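To start, the structure under review is shown below, and the notes come after it.
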Number of protein chains: 2
Amino acid sequence: MVTISDVARAAGVGIGTVSRVINRSPLVSQATRQRVQQAIERLGYQPSPIARAFGGRRTHKLEVLVPRFAAPFCLELLRGIEDALIDTDYAVLLRSMDSVSDRDRAFETCCHRGRADGVLLAWTPPTEVFVQRLQAEELPSVLLNAVDRRMWGVAVDHDAAARRAVEYCVGLGHRRLAVIDRFADPFAAAGPGLCQRGYSEALAAASIQERPEYELTTEPDPAPGAAAVDALLDLREPPTAIVVGSDLQAIGALHRARMRDRRVPEDVSIVGYNENSISAFLGLTTVRLPLREMASRATELLLVALAEPSARPETVVFPTELVVRATCGPPPR
Amino acid sequence: MVTISDVARAAGVGIGTVSRVINRSPLVSQATRQRVQQAIERLGYQPSPIARAFGGRRTHKLEVLVPRFAAPFCLELLRGIEDALIDTDYAVLLRSMDSVSDRDRAFETCCHRGRADGVLLAWTPPTEVFVQRLQAEELPSVLLNAVDRRMWGVAVDHDAAARRAVEYCVGLGHRRLAVIDRFADPFAAAGPGLCQRGYSEALAAASIQERPEYELTTEPDPAPGAAAVDALLDLREPPTAIVVGSDLQAIGALHRARMRDRRVPEDVSIVGYNENSISAFLGLTTVRLPLREMASRATELLLVALAEPSARPETVVFPTELVVRATCGPPPR
DNA sequence: TTGTAGGCGTTATCAG
DNA sequence: CTGATAACGCCTACAA
């Protein structure tokens with residue numbers, strides 16, 4: 001294994017100087033820096049992460065927690081994270097969470113100093129215990145798509161996004177608008193759905209009476225989305241527009257509606273949420289969340305929190321975009 | 001932080017003895033062992049993983065390399081890996097690869113001792129340089145869905161799987177069978193596609209003449225799949241069955257065929273490859289690869305290779321399964 | 001601006 | 001069986 005002293009010897013400098021070059025210290029002359037860089041490249045030297053982490057120093061690792069349902073966009077997030085890490089020497093310790101017990105185990109093990117320098121929790125609201133443990137360990141952390149005033153975060157205004165989607169349908173003339181929602185917390189199938197508030201606000205603004213039978217919440221998968229559409233289309237007075245909490249549900253809904261000989265958008269309009277490559281291909285009108293940018297920004301915030309542990313946490317809100325494609329139109333007749 | 005010497009002092013022994021107790025060495029007397037155990041419990045001592053890894057010892061990390069196109073099943077793989085790691089204290093260092101340069105950078109940085117104890121390369125054939133570097137570093141590694149005799153691996157017989165899919169269509173009576181293939185190496189858009197050989201073999205076995213215009217290869221995405229179907233359906237003599245190299249392409253193909261008023265399967269049959277939740281929902285007949293099990297097994301092999309670096313590498317081949325759903329039928333008469 | 005030395009927590013080695 | 005001590009590779013003072 002090639003160590004820092006090999007490099008030092010090859011470059012004809014002391015190990016301190018090599019260390020300073022590695023760590024981008026300004027206290028090195030241009031000439032020396034260059035010589036050291038060359039030696040590093042020539043020998044293919046890579047500092048040992050373990051030795052670096054030794055003595056309570058930085059581990060140069062960021063722990064990333066992702067719920068399993070995030071599969072459709074998991075790598076999108078990861079790319080964003082890697083974008084932000086590209087010229088740092090941080091690496092990603094990834095952990096996916098399948099069940100509540102899984103989540104709790106992840107929450108427990110990750111907030112142990114010496115494992116990683118910081119934690120990025122994606123698409124999952126933290127538990128109170130978790131927040132407190134993070135704070136006790138003074139472990140910098142960022143929420144990606146969740147909000148807690150005590151922590152750094154990157155979020156999206158889901159209320160505004162949902163409102164926007166509903167308003168768009170209202171603008172097309174729809175008065176019978178349903179929502180096939182999803183739970184905001186993938187680990188807690190309870191409480192109001194992700195789009196509920198925006199939906200209600202938009203209806204209120206348009207003076208449309210809410211109907212409980214128009215408000216469904218399911219898992220974010222095609223089959224439950226299809227089942228929900230079945231329920232809606234079986235109503236005596238079916239909706240003419242449906243706002244859906246995820247593209248997976250929307251794909252299910254779209255397909256089932258067409259199987260039942262409803263033309264989309266002539267007979268019924270459908271709006272999805274959080275576009276992916278398949279829904280783009282299907283021409284689904286949907287809400288785009290800037291996943292890669294959000295993940296990238298979250299990572300930058302984490303690096304900031306790492307550098308200045310005393311800084312006041314902030315939550316950065318990203319804009320969403322309504323992507324108009326081919327599944328919405330005016331209501332029938 | 002409580003260290004090994006605190007424990008040694010508290011128990012009135014040397015640190016060597018404490019270390020032996022921790023590591024279950026038999027060279028400790030019962031009495032001493034007990035005293036040390038008590039001291040450990042009393043002080044709540046936990047050995048530092050970093051210090052343990054120091055000195056070229058185990059890092060307790062596995063580096064996992066995934067190509068970006070793996071998004072649809074990335075978490076499936078990750079779950080399989082975590083399944084295998086669940087009661088070890090190994091963690092996953094994840095790295096996604098977007099472009100060739102990305103891949104090469106990943107190949108370069110990952111094969112350095114001290115970063116991780118082993119490397120799992122998923123869905124990407126290794127370059128020759130990479131293999132040699134791994135061997136030079138004596139870094140245990142496993143290929144997931146790629147084969148190299150010098151390395152451990154978990155694979156699937158794509159030839160047999162593709163052959164099976166084609167034979168199934170032949171069995172239904174098809175004689176005009178096309179393939180919309182994908183490149184085996186996501187980083188090299190060249191050479192024969194993943195399903196080519198199985199396809200050719202099955203045709204030969206059925207004494208069906210191959211036609212070059214029936215053999216297309218595209219990126220594994222819905223849009224190129226749709227474009228390929230367009231090309232096939234525009235032929236003077238279009239195929240009656242199409243074997244597709246990925247479910248994403250197949251979803252594109254299925255949708256486009258229906259948009260062009262071809263009924264599936266009455267007018268044209270479609271078989272996908274590597275099922276996912278959307279294609280399951282769409283009723284796509286497809287080939288299932290046991291992703292989670294494969295990943296899990298690959299990880300176990302890696303742990304074996306870690307434990308016995310001198311063992312002869314093996315490649316474990318997993319069976320695939322033809323999942324018959326609703327997109328295949330007899331050819332139109 | 002650079003080199004040198006001390007220390008981080010553990011394991012392995014060797015002498016008792 | 002047990003204790004002392006030398007690595008392990010890097011960072012950070014501190015001295016030059």
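Residue numbering restarts at 1 in every chain; chains get A, B, ... in the order shown in the structure tokens, and ligands count up from 1 in that same order.
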Hey, list the chain D side of the contact with chain B: 7 Å cut-off, only C-alpha atoms (C1' of nucleotides), answer as a PyMOL selection string. chain D and resi 1-3+8
Any chance you can output those residues with C-alpha atoms (C1' of nucleotides) as a PDB file, in the first residue's frame?
ATOM      1  C1'  DC D   1      -1.727 -17.104  30.650  1.00  0.00           C
ATOM      2  C1'  DT D   2      -0.395 -12.052  30.858  1.00  0.00           C
ATOM      3  C1'  DG D   3       1.802  -7.399  30.150  1.00  0.00           C
ATOM      4  C1'  DC D   8      -0.795   1.092  11.511  1.00  0.00           C
TER       5       DC D   8
END
Please find the residues of chain B near chain A - the criterion being any atom within 8 Å, counting only C-alpha atoms - and write them as a VMD selection string. chain B and resid 48 to 51 53 to 55 59 68 71 to 76 78 to 79 91 to 96 109 112 to 115 221 to 223 248 252 255 277 to 278 281 to 282
If the cut-off is 10 Å, can you tell me the residues of chain C near chain B, counting only C-alpha atoms (C1' of nucleotides)? I'd like them as a list in words. DC8, DG9, DT10, DT11 and DA12 of chain C
Write the residues you've just listed into a file as a PDB file, in the first residue's frame, and include C-alpha atoms (C1' of nucleotides) for each of them.
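Written file, out01.pdb:
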ATOM      1  C1'  DC C   8      -5.294   8.720  18.148  1.00  0.00           C
ATOM      2  C1'  DG C   9      -7.344   3.013  19.840  1.00  0.00           C
ATOM      3  C1'  DT C  10      -6.544  -1.328  18.533  1.00  0.00           C
ATOM      4  C1'  DT C  11      -4.194  -5.691  17.448  1.00  0.00           C
ATOM      5  C1'  DA C  12      -0.139  -8.603  17.136  1.00  0.00           C
TER       6       DA C  12
END
I'd like the contact shell of D:DA13 - 12 Å cut-off, only C-alpha atoms (C1' of nucleotides), skipping same-chain residues fewer than 3 positions apart - returned as a PyMOL selection string. (chain A and resi 16) or (chain C and resi 4-7)
Selection export as a CSV table (one decimal), in the first residue's frame, atoms kept: C-alpha atoms (C1' of nucleotides):
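The result, stored in part_29.csv:
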chain,number,residue,atom,x,y,z
A,16,GLY,CA,3.2,17.4,6.6
C,4,DT,C1',9.3,16.8,12.6
C,5,DA,C1',7.2,14.7,16.4
C,6,DG,C1',3.3,13.2,19.2
C,7,DG,C1',-0.9,11.0,19.5
Can you work out the spacing between atom CA of A:Val179 and atom CA of A:Ile242 in Å, to one decimal?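 According to the coordinates, atom CA of A:Val179 and atom CA of A:Ile242 are separated by 5.4 Å.
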Near-stretch 212-219 of chain A list (8 Å; only C-alpha atoms (C1' of nucleotides); drop same-chain fewer than 5 positions) as a compact mmCIF listing (two decimals) with C-alpha atoms, in the first residue's frame:
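Saved result, selection36.txt, follows:
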# COMPACT_ATOMS: atom_id res chain seq x y z
CA LEU A 177 -62.30 16.89 -8.98
CA ALA A 178 -61.08 13.87 -7.07
CA VAL A 179 -57.75 13.14 -5.44
CA ILE A 180 -56.00 9.78 -5.22
CA ASP A 181 -53.52 10.72 -2.56
CA ARG A 182 -50.56 9.04 -0.89
CA PHE A 183 -49.39 9.26 2.69
CA GLY A 193 -52.26 12.68 2.50
CA PRO A 224 -53.75 0.56 -5.76
CA GLY A 225 -53.96 3.55 -8.08
CA ALA A 228 -58.87 3.75 -6.59
CA LEU A 232 -64.14 6.66 -8.44
CA PRO A 239 -65.18 12.89 -11.13
CA GLN A 249 -50.46 5.52 -8.88
9 Å contact set for stretch 204-211 of chain B, only C-alpha atoms (C1' of nucleotides), chain neighbours under 5 positions out, as a PyMOL selection string: chain B and resi 167+170+175-178+199
For the structure I just gave you, how does DSSP split stretch 21-245 of chain B - specifically, which residues are strand (DSSP E)? Reply as a PyMOL selection string. chain B and resi 61-67+91-97+118-122+141-144+152-156+177-181+215-217+241-244
I need the residues from that last selection saved to file as a short mmCIF file (atom, residue, chain, number, x, y, z; two decimals), in the first residue's frame (with C-alpha atoms), if you can.
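Final output, saved to part-v2.cif:
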data_model
loop_
_atom_site.label_atom_id
_atom_site.label_comp_id
_atom_site.auth_asym_id
_atom_site.auth_seq_id
_atom_site.Cartn_x
_atom_site.Cartn_y
_atom_site.Cartn_z
CA LYS B 61 -17.29 -1.66 4.40
CA LEU B 62 -18.24 -3.07 1.02
CA GLU B 63 -18.08 -0.87 -2.02
CA VAL B 64 -21.01 -1.30 -4.37
CA LEU B 65 -20.87 0.03 -7.94
CA VAL B 66 -24.13 0.42 -9.85
CA PRO B 67 -24.70 1.88 -13.29
CA ALA B 91 -21.98 -1.24 5.69
CA VAL B 92 -22.43 -0.33 2.04
CA LEU B 93 -20.43 2.34 0.28
CA LEU B 94 -22.54 3.09 -2.77
CA ARG B 95 -21.44 4.61 -5.98
CA SER B 96 -23.47 5.14 -9.12
CA MET B 97 -21.94 5.46 -12.53
CA GLY B 118 -14.38 -5.77 -1.01
CA VAL B 119 -16.05 -4.59 -4.18
CA LEU B 120 -19.36 -5.60 -5.68
CA LEU B 121 -19.74 -4.57 -9.30
CA ALA B 122 -23.31 -4.71 -10.47
CA SER B 141 -14.62 -8.68 -5.50
CA VAL B 142 -17.78 -10.11 -6.97
CA LEU B 143 -19.50 -9.51 -10.25
CA LEU B 144 -23.25 -9.27 -10.18
CA TRP B 152 -16.36 -14.43 -8.14
CA GLY B 153 -19.69 -13.83 -9.72
CA VAL B 154 -23.42 -14.25 -9.72
CA ALA B 155 -25.06 -14.44 -13.08
CA VAL B 156 -28.01 -15.49 -15.06
CA LEU B 177 -40.20 -13.14 -34.52
CA ALA B 178 -38.30 -9.91 -33.97
CA VAL B 179 -36.03 -8.81 -31.15
CA ILE B 180 -35.67 -5.32 -29.72
CA ASP B 181 -32.47 -5.90 -27.87
CA GLU B 215 -33.04 -7.38 -35.11
CA LEU B 216 -32.83 -3.99 -33.43
CA THR B 217 -30.83 -2.79 -30.46
CA ALA B 241 -44.03 -11.50 -31.97
CA ILE B 242 -41.38 -9.26 -30.43
CA VAL B 243 -38.91 -10.22 -27.74
CA VAL B 244 -37.65 -7.15 -25.91
#
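Using only C-alpha atoms, the smallest distance between any of A:Asp267, A:Asp87, A:Asp117, A:Asp261 and A:Pro238 comes from A:Asp267.
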Restricting the calculation to only C-alpha atoms: of A:Ala250, A:Val129, A:Val316, A:Asp89, which residue gets closest to A:Glu108?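 Comparing A:Ala250, A:Val129, A:Val316, A:Asp89 against A:Glu108, the winner is A:Val129.
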Can you list, as a PyMOL selection string, every protein, DNA or RNA residue that comes within 6 Å of stretch 301-310 of chain A when you count only C-alpha atoms (C1' of nucleotides), leaving out same-chain residues fewer than 2 positions away? chain A and resi 140+142+298-299
Mind writing the picked residues with N, CA and C atoms as a PDB file, in the first residue's frame?
ATOM      1  N   PRO A 140     -24.207  16.535  12.428  1.00  0.00           N
ATOM      2  CA  PRO A 140     -24.893  17.355  11.428  1.00  0.00           C
ATOM      3  C   PRO A 140     -25.801  16.493  10.563  1.00  0.00           C
ATOM      4  N   VAL A 142     -29.286  16.598   7.551  1.00  0.00           N
ATOM      5  CA  VAL A 142     -30.162  17.350   6.656  1.00  0.00           C
ATOM      6  C   VAL A 142     -31.351  16.483   6.286  1.00  0.00           C
ATOM      7  N   ALA A 298     -29.178  19.601  -0.761  1.00  0.00           N
ATOM      8  CA  ALA A 298     -29.202  19.029   0.587  1.00  0.00           C
ATOM      9  C   ALA A 298     -27.791  18.627   1.005  1.00  0.00           C
ATOM     10  N   THR A 299     -27.079  18.065   0.058  1.00  0.00           N
ATOM     11  CA  THR A 299     -25.715  17.634   0.359  1.00  0.00           C
ATOM     12  C   THR A 299     -24.821  18.833   0.640  1.00  0.00           C
TER      13      THR A 299
END
Got a sec to tell me which of stretch 218-304 of chain B DSSP assigns to alpha helix (DSSP H), as a ChimeraX atom specification? /B:222-233,247-259,277-282,291-304
Generate the output file for the selected residues, C-alpha atoms, as a PDB file, in the first residue's frame.
ATOM      1  CA  PRO B 222     -39.492   3.407 -23.250  1.00  0.00           C
ATOM      2  CA  ALA B 223     -39.025   5.929 -26.043  1.00  0.00           C
ATOM      3  CA  PRO B 224     -36.381   3.991 -27.999  1.00  0.00           C
ATOM      4  CA  GLY B 225     -38.463   0.871 -27.476  1.00  0.00           C
ATOM      5  CA  ALA B 226     -41.422   2.654 -29.018  1.00  0.00           C
ATOM      6  CA  ALA B 227     -39.332   3.884 -31.935  1.00  0.00           C
ATOM      7  CA  ALA B 228     -38.109   0.366 -32.572  1.00  0.00           C
ATOM      8  CA  VAL B 229     -41.678  -0.919 -32.653  1.00  0.00           C
ATOM      9  CA  ASP B 230     -42.518   1.767 -35.158  1.00  0.00           C
ATOM     10  CA  ALA B 231     -39.738   0.533 -37.387  1.00  0.00           C
ATOM     11  CA  LEU B 232     -40.884  -3.066 -37.093  1.00  0.00           C
ATOM     12  CA  LEU B 233     -44.539  -2.314 -37.727  1.00  0.00           C
ATOM     13  CA  ASP B 247     -39.200  -4.030 -19.537  1.00  0.00           C
ATOM     14  CA  LEU B 248     -38.698  -0.316 -20.053  1.00  0.00           C
ATOM     15  CA  GLN B 249     -38.292  -0.857 -23.764  1.00  0.00           C
ATOM     16  CA  ALA B 250     -41.188  -3.296 -23.682  1.00  0.00           C
ATOM     17  CA  ILE B 251     -43.461  -0.780 -21.993  1.00  0.00           C
ATOM     18  CA  GLY B 252     -42.643   1.697 -24.736  1.00  0.00           C
ATOM     19  CA  ALA B 253     -43.213  -0.945 -27.377  1.00  0.00           C
ATOM     20  CA  LEU B 254     -46.495  -2.100 -25.883  1.00  0.00           C
ATOM     21  CA  HIS B 255     -47.850   1.411 -25.604  1.00  0.00           C
ATOM     22  CA  ARG B 256     -46.808   2.427 -29.093  1.00  0.00           C
ATOM     23  CA  ALA B 257     -48.217  -0.720 -30.660  1.00  0.00           C
ATOM     24  CA  ARG B 258     -51.569  -0.014 -29.042  1.00  0.00           C
ATOM     25  CA  MET B 259     -51.436   3.642 -30.065  1.00  0.00           C
ATOM     26  CA  SER B 277     -43.820  -3.316 -10.719  1.00  0.00           C
ATOM     27  CA  ILE B 278     -45.176  -1.352 -13.638  1.00  0.00           C
ATOM     28  CA  SER B 279     -44.833  -4.106 -16.199  1.00  0.00           C
ATOM     29  CA  ALA B 280     -46.428  -6.514 -13.743  1.00  0.00           C
ATOM     30  CA  PHE B 281     -49.336  -4.151 -13.489  1.00  0.00           C
ATOM     31  CA  LEU B 282     -49.564  -3.786 -17.250  1.00  0.00           C
ATOM     32  CA  LEU B 291     -32.584  -9.679  -8.386  1.00  0.00           C
ATOM     33  CA  ARG B 292     -32.810  -9.620  -4.662  1.00  0.00           C
ATOM     34  CA  GLU B 293     -31.617 -13.194  -4.271  1.00  0.00           C
ATOM     35  CA  MET B 294     -28.818 -12.627  -6.732  1.00  0.00           C
ATOM     36  CA  ALA B 295     -27.612  -9.558  -4.904  1.00  0.00           C
ATOM     37  CA  SER B 296     -27.878 -11.319  -1.611  1.00  0.00           C
ATOM     38  CA  ARG B 297     -25.912 -14.270  -2.887  1.00  0.00           C
ATOM     39  CA  ALA B 298     -23.292 -12.047  -4.470  1.00  0.00           C
ATOM     40  CA  THR B 299     -22.781 -10.406  -1.110  1.00  0.00           C
ATOM     41  CA  GLU B 300     -22.433 -13.735   0.613  1.00  0.00           C
ATOM     42  CA  LEU B 301     -19.828 -14.754  -1.930  1.00  0.00           C
ATOM     43  CA  LEU B 302     -17.995 -11.540  -1.229  1.00  0.00           C
ATOM     44  CA  LEU B 303     -17.983 -12.302   2.462  1.00  0.00           C
ATOM     45  CA  VAL B 304     -16.615 -15.757   1.687  1.00  0.00           C
TER      46      VAL B 304
END
